[in-house]
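See below for the structure under consideration.
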Amino acid sequence: MKQQFRLGDHLVVARTAYSHHGIYVGNGQVIHYAGGIPGLQEATDDSSIQQTTLEGFGNGKPIKIKIHDQSLYSEEEVVARAKSRLKEDQYHAFFHNCEHFANWCHEGVPTSPQVQAGTTAAAVASAATLAGGPITRTLATAAGGGATLGTFGGPAGIAIGAGLGLITWGVYRTLKK
C-alpha cells in the first residue's frame, strides 16, 4: 500500500549517519535541500533547496512523517513557505541544513535536534577527555543511524550519560511520530 501524505507534511528519511528532511508540497513532490554530504549521501554539485519527486527524496528508503504538534502555519502556508525558498543555496551541515529548513517551514524557527544532540555528545566527550575521566566506550552507532554516548567513569559520567540518553530519546520520539 502506497503511503499518502498531506500538504505541508514534514517528511523524514533515515540516511547512513543522519536523517534527511523535506516538505511535501502535493502531486508526489517534496521540497528539500538537495545537495548531499560527501561520504554520507549522494553528493551533487547543487546544494540548493529544490523540488523533487517522493521517489528521489526517499532514495529507496521508507519515508516517515514528523508531527508538529503546534505548527504555527496552515498546510497551505507551510507549502508557501517552502516554495518561497526554492533555489536558495545557503546549505551548512551545522547551521542551515534540511532539518533547519523543514522546522522553519512549520515553526518559524530553524532548529535541528539531530545537530544539537550530535554537538552535545561531541562536547561532552571532549570535556570528559580533557577532565581526565576514563571513557570506557565511545560513540557507538546505533541501529537507524543514531548515535549514543557510552559509559564514563564516576558519578559525573552517570549524570552525563543520563542527560544524553534523554536527548537521544527525545530525538527518537520526535522522529517516531
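Scheme for the C-alpha cells: letters A, B, ... for chains in order shown; per-chain residue numbers from 1; ligand numbers from 1 in order shown.
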Give me the residues near Phe95 (chain A) as a PyMOL selection string, where near means some atom within 12 Å (using only C-alpha atoms) and where sequence neighbours in that chain fewer than 3 positions away do not count. chain A and resi 90-92+98-101+110-116+119
Selection export as a PDB file, in the first residue's frame, atoms kept: C-alpha atoms:
ATOM      1  CA  GLN A  90      22.843  28.589   1.883  1.00  0.00           C
ATOM      2  CA  TYR A  91      23.389  24.964   2.999  1.00  0.00           C
ATOM      3  CA  HIS A  92      25.585  24.329   6.036  1.00  0.00           C
ATOM      4  CA  CYS A  98      17.445  20.302   5.599  1.00  0.00           C
ATOM      5  CA  GLU A  99      16.080  19.813   9.136  1.00  0.00           C
ATOM      6  CA  HIS A 100      16.522  23.518   9.931  1.00  0.00           C
ATOM      7  CA  PHE A 101      14.601  24.278   6.711  1.00  0.00           C
ATOM      8  CA  PRO A 110      15.217  26.980  12.073  1.00  0.00           C
ATOM      9  CA  THR A 111      16.114  24.188  14.519  1.00  0.00           C
ATOM     10  CA  SER A 112      17.906  20.867  14.152  1.00  0.00           C
ATOM     11  CA  PRO A 113      17.583  18.469  17.119  1.00  0.00           C
ATOM     12  CA  GLN A 114      19.915  15.967  15.419  1.00  0.00           C
ATOM     13  CA  VAL A 115      22.675  18.610  15.174  1.00  0.00           C
ATOM     14  CA  GLN A 116      22.025  19.696  18.769  1.00  0.00           C
ATOM     15  CA  THR A 119      27.202  18.581  19.122  1.00  0.00           C
TER      16      THR A 119
END
So that I can check the secondary structure, give me every residue of region 4-96 of chain A assigned helix (DSSP H, G or I) by backbone DSSP, as a short mmCIF file (atom, residue, chain, number, x, y, z; two decimals) with N, CA and C atoms, in the first residue's frame.
data_model
loop_
_atom_site.label_atom_id
_atom_site.label_comp_id
_atom_site.auth_asym_id
_atom_site.auth_seq_id
_atom_site.Cartn_x
_atom_site.Cartn_y
_atom_site.Cartn_z
N LEU A 54 8.87 12.27 -4.70
CA LEU A 54 8.95 11.47 -3.48
C LEU A 54 10.00 10.37 -3.62
N GLU A 55 10.04 9.74 -4.79
CA GLU A 55 10.99 8.66 -5.04
C GLU A 55 12.42 9.17 -4.95
N GLY A 56 12.68 10.33 -5.54
CA GLY A 56 14.01 10.92 -5.47
C GLY A 56 14.39 11.31 -4.06
N PHE A 57 13.44 11.85 -3.32
CA PHE A 57 13.68 12.25 -1.94
C PHE A 57 13.96 11.03 -1.07
N GLY A 58 13.14 9.99 -1.22
CA GLY A 58 13.29 8.79 -0.39
C GLY A 58 14.48 7.94 -0.77
N GLU A 75 -1.48 24.17 6.48
CA GLU A 75 -0.84 23.33 5.48
C GLU A 75 -0.41 24.16 4.26
N GLU A 76 -1.31 25.02 3.81
CA GLU A 76 -1.03 25.85 2.63
C GLU A 76 0.10 26.84 2.90
N GLU A 77 0.14 27.38 4.13
CA GLU A 77 1.20 28.33 4.48
C GLU A 77 2.56 27.63 4.57
N VAL A 78 2.57 26.40 5.08
CA VAL A 78 3.82 25.63 5.14
C VAL A 78 4.35 25.42 3.73
N VAL A 79 3.48 25.04 2.81
CA VAL A 79 3.89 24.83 1.42
C VAL A 79 4.38 26.14 0.81
N ALA A 80 3.67 27.23 1.06
CA ALA A 80 4.08 28.54 0.52
C ALA A 80 5.46 28.94 1.07
N ARG A 81 5.69 28.67 2.35
CA ARG A 81 6.99 28.99 2.96
C ARG A 81 8.09 28.16 2.29
N ALA A 82 7.84 26.88 2.08
CA ALA A 82 8.83 26.03 1.42
C ALA A 82 9.12 26.53 0.01
N LYS A 83 8.07 26.84 -0.74
CA LYS A 83 8.25 27.32 -2.12
C LYS A 83 8.98 28.66 -2.18
N SER A 84 8.79 29.48 -1.14
CA SER A 84 9.43 30.80 -1.13
C SER A 84 10.96 30.70 -1.06
#
Between CA of Glu88 (chain A) and CA of Ile65 (chain A), measure the distance and give it in Å to one decimal.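 Pair CA of Glu88 (chain A) / CA of Ile65 (chain A) returns 23.6 Å.
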